[in-house]
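Listing of work-v1.cif, mmCIF, C-alpha atoms
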```
data_run
#
loop_
_atom_site.label_atom_id
_atom_site.label_comp_id
_atom_site.auth_asym_id
_atom_site.auth_seq_id
_atom_site.Cartn_x
_atom_site.Cartn_y
_atom_site.Cartn_z
CA MET A 804 -13.46 -9.39 6.03
CA THR A 805 -10.30 -7.69 4.83
CA ARG A 806 -7.11 -8.88 6.49
CA VAL A 807 -5.13 -6.57 8.77
CA THR A 808 -1.46 -6.66 9.78
CA VAL A 809 -0.18 -4.84 12.86
CA CYS A 810 3.52 -3.97 12.64
CA ILE A 811 5.49 -3.37 15.84
CA PRO A 812 9.08 -2.11 15.69
CA VAL A 813 10.89 -2.56 19.00
CA ARG A 814 14.31 -2.29 20.57
CA ASN A 815 14.73 -3.01 24.29
CA GLY A 816 11.02 -2.54 24.86
CA ASP A 817 10.37 -4.82 27.81
CA ASN A 818 8.95 -1.94 29.85
CA PHE A 819 5.96 -1.29 27.56
CA LEU A 820 5.78 -4.02 24.92
CA GLU A 821 3.29 -6.25 26.74
CA GLN A 822 0.80 -3.39 27.01
CA ALA A 823 0.92 -2.89 23.24
CA LEU A 824 0.43 -6.62 22.63
CA ALA A 825 -2.42 -6.81 25.18
CA SER A 826 -4.21 -3.95 23.43
CA ILE A 827 -4.15 -5.96 20.19
CA ALA A 828 -5.35 -9.12 21.91
CA MET A 829 -8.38 -7.30 23.39
CA GLN A 830 -9.66 -6.13 19.99
CA THR A 831 -13.17 -7.17 18.96
CA TYR A 832 -11.67 -7.71 15.50
CA PRO A 833 -8.22 -9.18 16.18
CA ALA A 834 -5.36 -8.60 13.79
CA ASP A 835 -4.78 -11.39 11.27
CA ARG A 836 -1.03 -10.97 11.57
CA VAL A 837 1.14 -9.27 14.18
CA LEU A 838 4.57 -8.65 12.68
CA VAL A 839 7.31 -7.60 15.10
CA SER A 840 10.82 -6.49 14.18
CA ASP A 841 13.08 -6.90 17.21
CA ASN A 842 16.04 -4.62 16.60
CA ALA A 843 18.67 -6.75 18.39
CA SER A 844 17.18 -6.14 21.84
CA THR A 845 19.35 -7.05 24.83
CA ASP A 846 16.62 -6.96 27.51
CA ARG A 847 13.61 -9.27 28.09
CA THR A 848 11.96 -8.39 24.77
CA ALA A 849 12.67 -11.76 23.11
CA GLY A 850 11.19 -13.68 26.04
CA ILE A 851 8.06 -11.54 26.09
CA LEU A 852 7.51 -12.11 22.39
CA GLU A 853 7.99 -15.86 22.76
CA ALA A 854 5.36 -15.99 25.52
CA TRP A 855 2.85 -13.99 23.49
CA LYS A 856 2.99 -16.35 20.52
CA ARG A 857 0.38 -18.41 22.33
CA ARG A 858 -2.09 -15.51 22.33
CA LEU A 859 -1.53 -13.70 19.04
CA PRO A 860 -0.73 -14.63 15.41
CA LEU A 861 2.76 -13.34 16.07
CA GLU A 862 5.68 -13.39 13.64
CA VAL A 863 9.01 -12.11 14.90
CA VAL A 864 11.90 -10.90 12.77
CA ARG A 865 15.03 -10.46 14.87
CA GLN A 866 17.81 -8.24 13.58
CA PRO A 867 21.16 -9.95 14.27
CA ALA A 868 22.76 -6.56 14.88
CA PRO A 869 21.18 -3.16 15.54
CA VAL A 870 20.03 -1.22 12.50
CA SER A 871 18.79 2.36 12.38
CA MET A 872 15.25 3.15 13.46
CA VAL A 873 14.32 4.00 9.85
CA GLU A 874 15.72 0.70 8.57
CA ASN A 875 13.81 -1.21 11.22
CA PHE A 876 10.55 0.58 10.37
CA ASN A 877 11.00 0.19 6.61
CA GLY A 878 11.88 -3.48 6.97
CA LEU A 879 8.44 -4.02 8.47
CA LEU A 880 6.69 -2.13 5.67
CA ASP A 881 8.52 -4.27 3.11
CA ARG A 882 7.01 -7.38 4.73
CA VAL A 883 3.38 -6.21 4.77
CA GLU A 884 1.23 -8.40 2.52
CA ASP A 885 -2.32 -7.79 3.78
CA PRO A 886 -4.49 -5.04 2.24
CA PHE A 887 -4.65 -3.01 5.50
CA TYR A 888 -1.91 -2.43 8.06
CA MET A 889 -0.90 -0.26 10.99
CA VAL A 890 2.43 0.57 12.63
CA LEU A 891 2.11 0.47 16.40
CA CYS A 892 5.20 1.61 18.29
CA HIS A 893 5.98 -0.69 21.20
CA ASP A 894 5.39 2.07 23.78
CA ASP A 895 1.98 3.06 22.38
CA TYR A 896 -1.21 0.99 22.49
CA LEU A 897 -4.72 0.75 21.10
CA ASN A 898 -7.04 2.63 23.42
CA ALA A 899 -10.38 0.95 22.66
CA PRO A 900 -11.41 -2.62 21.84
CA ASP A 901 -13.03 -1.50 18.56
CA ALA A 902 -10.04 0.49 17.27
CA ILE A 903 -9.18 -1.96 14.48
CA SER A 904 -12.77 -2.78 13.57
CA SER A 905 -13.77 0.90 13.37
CA ALA A 906 -10.88 1.76 11.06
CA ARG A 907 -11.32 -1.37 8.94
CA ALA A 908 -15.00 -0.54 8.40
CA VAL A 909 -14.05 2.90 7.07
CA LEU A 910 -11.51 1.55 4.58
CA GLU A 911 -13.86 -1.19 3.39
CA ALA A 912 -16.70 1.29 2.84
CA ASN A 913 -14.55 3.98 1.18
CA SER A 914 -12.24 2.59 -1.49
CA GLY A 915 -10.70 5.99 -2.23
CA VAL A 916 -9.50 6.62 1.33
CA SER A 917 -5.77 6.11 1.86
CA ALA A 918 -5.60 5.94 5.66
CA VAL A 919 -7.65 6.38 8.82
CA TYR A 920 -6.58 8.67 11.68
CA CYS A 921 -8.10 9.36 15.08
CA ASP A 922 -7.84 11.60 18.11
CA LEU A 923 -5.02 10.69 20.51
CA ALA A 924 -4.87 9.98 24.21
CA TYR A 925 -1.58 11.26 25.58
CA VAL A 926 -0.49 9.04 28.45
CA GLY A 927 2.48 8.96 30.78
CA GLU A 928 4.89 6.20 31.68
CA LYS A 929 2.32 4.46 33.92
CA ARG A 930 -0.59 4.87 31.46
CA ARG A 931 -2.07 7.78 33.35
CA ARG A 932 -3.99 10.08 31.00
CA LEU A 933 -2.17 13.38 30.54
CA ALA A 934 -4.31 14.99 27.85
CA THR A 935 -6.41 14.26 24.78
CA ARG A 936 -5.44 15.68 21.43
CA ARG A 937 -8.56 16.44 19.43
CA PHE A 938 -8.18 17.35 15.77
CA HIS A 939 -11.70 18.85 15.45
CA ARG A 940 -12.58 17.07 12.23
CA THR A 941 -14.60 14.04 11.25
CA GLY A 942 -14.78 11.92 8.13
CA LEU A 943 -12.93 12.87 4.95
CA PHE A 944 -10.18 15.47 5.15
CA ASP A 945 -7.73 16.95 2.64
CA ALA A 946 -4.41 15.27 3.39
CA ASP A 947 -2.34 17.67 1.28
CA GLU A 948 -3.77 20.60 3.23
CA ALA A 949 -3.02 18.76 6.48
CA GLY A 950 0.60 18.52 5.37
CA ARG A 951 0.78 22.22 4.57
CA GLN A 952 -0.78 23.12 7.89
CA SER A 953 1.73 20.88 9.64
CA VAL A 954 4.55 22.99 8.27
CA LEU A 955 2.86 26.30 9.08
CA LYS A 956 1.89 25.24 12.61
CA THR A 957 5.05 23.15 13.22
CA ARG A 958 2.93 20.26 14.48
CA ASN A 959 1.90 16.99 12.89
CA MET A 960 -1.67 17.74 11.80
CA PHE A 961 -2.28 14.18 10.59
CA GLY A 962 -1.74 12.41 13.88
CA ILE A 963 -0.78 8.73 13.98
CA PRO A 964 -2.22 6.48 11.25
CA LEU A 965 -4.64 4.02 12.81
CA LEU A 966 -4.96 1.93 9.65
CA VAL A 967 -3.42 2.34 6.21
CA ARG A 968 -4.39 0.93 2.82
CA ARG A 969 -1.29 -0.88 1.55
CA SER A 970 -2.00 0.13 -2.04
CA ALA A 971 -1.78 3.80 -0.97
CA LEU A 972 1.61 3.15 0.64
CA GLY A 973 2.91 1.74 -2.65
CA PRO A 974 6.66 2.41 -2.99
CA TYR A 975 6.77 5.08 -0.29
CA ARG A 976 8.82 4.45 2.82
CA TYR A 977 10.12 6.40 5.80
CA ASP A 978 12.69 8.85 4.50
CA PRO A 979 16.03 8.78 6.39
CA ALA A 980 16.52 12.43 5.45
CA PHE A 981 14.13 13.26 8.29
CA ARG A 982 14.79 12.51 11.91
CA TYR A 983 11.70 13.90 13.63
CA GLY A 984 9.32 14.30 10.71
CA LEU A 985 9.27 10.67 9.58
CA ASP A 986 5.58 10.03 10.28
CA LEU A 987 4.49 13.38 8.90
CA ASP A 988 6.44 12.95 5.68
CA LEU A 989 5.12 9.45 5.00
CA SER A 990 1.51 10.43 5.79
CA TRP A 991 1.83 13.35 3.40
CA GLN A 992 3.41 11.23 0.67
CA MET A 993 0.86 8.46 0.58
CA SER A 994 -2.23 10.64 0.97
CA ARG A 995 -1.51 13.81 -0.97
CA LEU A 996 -3.37 12.61 -4.07
CA GLN A 997 -6.34 11.08 -2.24
CA PRO A 998 -8.28 11.91 0.91
CA ALA A 999 -7.76 10.51 4.37
CA TRP A 1000 -10.38 9.87 7.05
CA HIS A 1001 -10.59 10.92 10.68
CA ILE A 1002 -12.50 9.21 13.49
CA PRO A 1003 -13.06 11.76 16.31
CA ARG A 1004 -12.35 9.31 19.12
CA ALA A 1005 -9.12 8.67 21.02
CA LEU A 1006 -8.65 5.14 19.68
CA MET A 1007 -4.88 5.21 20.09
CA ALA A 1008 -2.76 6.05 23.14
CA ASN A 1009 0.51 7.88 22.50
CA ARG A 1010 2.91 7.49 25.40
CA TYR A 1011 5.24 10.24 26.62
CA HIS A 1012 8.17 9.14 28.75
CA ALA A 1013 11.85 9.85 29.35
CA GLY A 1014 13.04 7.58 26.55
CA ASN A 1015 10.55 8.83 23.98
CA SER A 1016 12.16 10.29 20.84
CA THR A 1017 9.37 12.91 20.71
CA TRP A 1018 11.30 15.11 23.11
CA GLY A 1019 14.26 15.24 20.73
CA GLY A 1020 12.23 17.02 18.04
CA LEU A 1021 12.10 20.34 19.84
CA GLY A 1022 12.99 23.28 17.63
CA ALA A 1023 13.50 21.27 14.42
CA ALA A 1024 12.52 24.16 12.14
CA ASP A 1025 14.93 23.13 9.38
CA GLU A 1026 13.10 19.81 9.03
CA TYR A 1027 9.86 21.64 8.33
CA PHE A 1028 11.62 23.65 5.61
CA ARG A 1029 12.94 20.43 4.04
CA LEU A 1030 9.46 18.88 4.24
CA ALA A 1031 8.01 21.91 2.49
CA SER A 1032 10.63 21.72 -0.24
CA LYS A 1033 10.10 17.99 -0.78
CA HIS A 1034 6.34 18.42 -1.11
CA GLY A 1035 6.48 21.46 -3.40
CA MET A 1036 5.37 24.03 -0.82
CA ARG A 1037 6.88 27.49 -1.22
CA ILE A 1038 7.63 29.50 1.91
CA SER A 1039 8.44 33.22 1.87
CA PRO A 1040 11.26 34.62 4.03
CA ALA A 1041 8.68 36.25 6.32
CA ARG A 1042 6.85 32.95 6.71
CA ARG A 1043 10.15 31.21 7.47
CA ALA A 1044 10.75 33.62 10.33
CA GLN A 1045 7.25 32.92 11.64
CA ILE A 1046 7.84 29.17 11.45
CA ARG A 1047 11.10 29.45 13.38
CA LEU A 1048 9.38 31.47 16.08
CA ARG A 1049 6.43 29.08 16.23
CA CYS A 1050 8.76 26.09 16.37
CA TRP A 1051 10.54 27.66 19.35
CA SER A 1052 7.19 28.33 21.04
CA VAL A 1053 5.96 24.77 20.46
CA GLY A 1054 9.25 23.52 21.84
CA GLN A 1055 8.72 25.45 25.07
CA GLN A 1056 5.19 24.05 25.37
CA ARG A 1057 6.51 20.53 24.93
CA ARG A 1058 9.16 21.08 27.57
CA LEU A 1059 6.47 22.15 30.00
CA PHE A 1060 4.39 19.14 29.00
CA GLY A 1061 7.42 16.94 29.57
CA ALA A 1062 7.87 18.37 33.06
CA TYR A 1063 4.18 17.71 33.72
CA GLU A 1064 4.53 14.12 32.51
CA ARG A 1065 7.51 13.49 34.77
CA LEU A 1066 5.64 14.93 37.75
CA VAL A 1067 2.54 12.83 37.05
CA SER A 1068 4.64 9.69 36.58
CA ARG A 1069 6.51 10.34 39.81
CA LEU A 1070 3.29 10.79 41.76
CA GLY A 1071 1.94 7.81 39.95
#
```

Would it be possible to restate this file's structure as C-alpha cells?
Amino acid sequence: MTRVTVCIPVRNGDNFLEQALASIAMQTYPADRVLVSDNASTDRTAGILEAWKRRLPLEVVRQPAPVSMVENFNGLLDRVEDPFYMVLCHDDYLNAPDAISSARAVLEANSGVSAVYCDLAYVGEKRRRLATRRFHRTGLFDADEAGRQSVLKTRNMFGIPLLVRRSALGPYRYDPAFRYGLDLDLSWQMSRLQPAWHIPRALMANRYHAGNSTWGGLGAADEYFRLASKHGMRISPARRAQIRLRCWSVGQQRRLFGAYERLVSRLG
C-alpha cells in the first residue's frame, strides 16, 4: 500500500489540536507519518504533541521563533517524502474513519489524478455541525475550470485537498503573494494540467471559530484578480465589476454565517 504523510501546521493550537490528532488515529488506514510543524507555540501544544507520540507515528519540527503562516506551511511541504500527503490544519479534522483509505484508493487506481477532494462538514467551535458544503460532482473534474469558476463565483470551488499526489505538487508551494487565496492558488497550480477527483461525502470537517483566518478573507476581490492574472485568465471590466459585487455579497453571507456560528457555539 502506498505510504501517506499527514502534515499539520500549528501555532498555539491546544484548543483543537487533539481532535485533529484523534481523527487521524481513528482511521482504518492510519497515516504512515504524521509531520507537525509547531510554529513556536507558547501554550500547551508541545505537551500535547509529546503525549501523542505514543499513539501516532509523530514527527515534530519546532520553529525556534515564529515564522509566517506561509513559511510554516511550505516548510512542511518541503519535508514530504511519501508519494501521497495531506495538509490538515490543527483546527480541522477528518470526519470519517475511512477518509484516508477512500482517497488513497482513488489515487492508487487513477495514476493521472493529481489530488482528491470531498464535500465538507462545516462545524463550530464545539464540533457542532453548522452546515454541509456539497460540490455536486463526483469522480473526475476539470481542475482548471474549477479555478476559473472560483474567480467568477469568488469562492474556492476546489474545496480542501483530502489527499495529494506529491509528484503533482512538484516545485509548487503556497505563494506568499496571496493572503486568503493560498489554498485555491496551490490547488489550481498543481492540477491545471491534469484532472482532480471528488468524493461526494463530507470526509473532512472544516471548523469555523473566532480565531479562524477564514473570516479575514471577506471582500478580497483584488486577490481574485491577481489569481486570474497569474493563471492566465482574462477578465473584462464588466466582469470585474460583477466580481466585486459578488465578493461583497459573499462577504455579507459569511458575516451572517459567522454570527450563526457564534450563536450555536454559545448555546453549545

- [ ] Fewer than 6 positions away in the same chain doesn't count, so skip those; otherwise give me all residues within 10 Å of segment 985-1002 of chain A, counting only C-alpha atoms, as a VMD selection string.
- [x] chain A and resid 873 902 905 to 906 909 to 910 913 915 to 922 938 to 951 953 to 954 958 to 979 1026 to 1027 1030 to 1031 1033 to 1034

Task: Residues near Ala849 of chain A, cut-off 12 Å, all atoms listed in the file, skip fewer than 5 positions along chain, as a ChimeraX atom specification - done: /A:813-817,820-821,839-844,854-856,862-866

- [ ] Tell me which residues the PyMOL selection byres ((chain A and resi 808) around 10) grabs here, as a list in words.
- [x]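 Expected selection for the PyMOL selection byres ((chain A and resi 808) around 10) here is Arg806, Val807, Val809, Cys810, Ile811, Pro833, Ala834, Asp835, Arg836, Val837, Leu838, Pro860, Arg882, Val883, Glu884, Asp885, Pro886, Phe887, Tyr888, Met889, Val890, Leu966 and Val967 of chain A.
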
TODO: Rank nothing, just name the residue among A:Leu824, A:Leu880, A:Ala1024, A:Leu891 nearest to Leu861 of chain A, using only C-alpha atoms.
DONE: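 Nearest candidate to Leu861 of chain A out of A:Leu824, A:Leu880, A:Ala1024, A:Leu891: A:Leu824.
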
TODO: Convert the output of the PyMOL selection byres ((chain A and resi 822) around 10) on the shown file into explicit residues, formatted as a list in words.
DONE: Asp817, Asn818, Phe819, Leu820, Glu821, Ala823, Leu824, Ala825, Ser826, Ile827, Ala828, His893, Asp894, Asp895, Tyr896, Leu897 and Arg930 of chain A

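One distance worth recording is that between atom CA of His1012 of chain A and atom CA of Tyr925 of chain A, which is 10.5 Å.
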
Open item on the list: What does the structure give for the distance between atom CA of Glu874 of chain A and atom CA of Glu928 of chain A, in Å to one decimal?
Closed with: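 Calculated distance between atom CA of Glu874 of chain A and atom CA of Glu928 of chain A is 26.1 Å.
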
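Between atom CA of Ser904 of chain A and atom CA of Tyr832 of chain A the separation is 5.4 Å.
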
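Minimum atom-to-atom distances from A:Leu1059, A:Ala1005, A:Ala1041, A:Val1053 to Pro900 of chain A were compared using all atoms listed in the file, and the lowest value belongs to A:Ala1005.
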
Open item on the list: Give me, as a ChimeraX atom specification, all polymer residues having an atom no more than 8 Å from Lys956 of chain A, counting only C-alpha atoms and skipping those fewer than 6 positions away in the same chain.
Closed with: /A:1046,1049-1050

Open item on the list: Let me make sure I understand: among A:Leu1006, A:Leu955, A:Leu923, A:Cys892, which one has the smallest atom-to-atom distance to Ala1044 of chain A if we use all atoms listed in the file?
Closed with: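 Looking only at the distances to Ala1044 of chain A, the closest residue turns out to be A:Leu955.
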
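With all atoms listed in the file as the atoms that count, the minimum distance from Phe876 of chain A to the choices A:Thr957, A:Pro812, A:Thr805, A:Arg1029 is reached by A:Pro812.
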
TODO: Select, from A:Tyr983, A:Asn875, A:Asn1009, A:Ser914, the residue with the minimum atom-to-atom distance to Ala934 of chain A, counting only C-alpha atoms.
DONE: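 For Ala934 of chain A, the nearest of the given residues is A:Asn1009.
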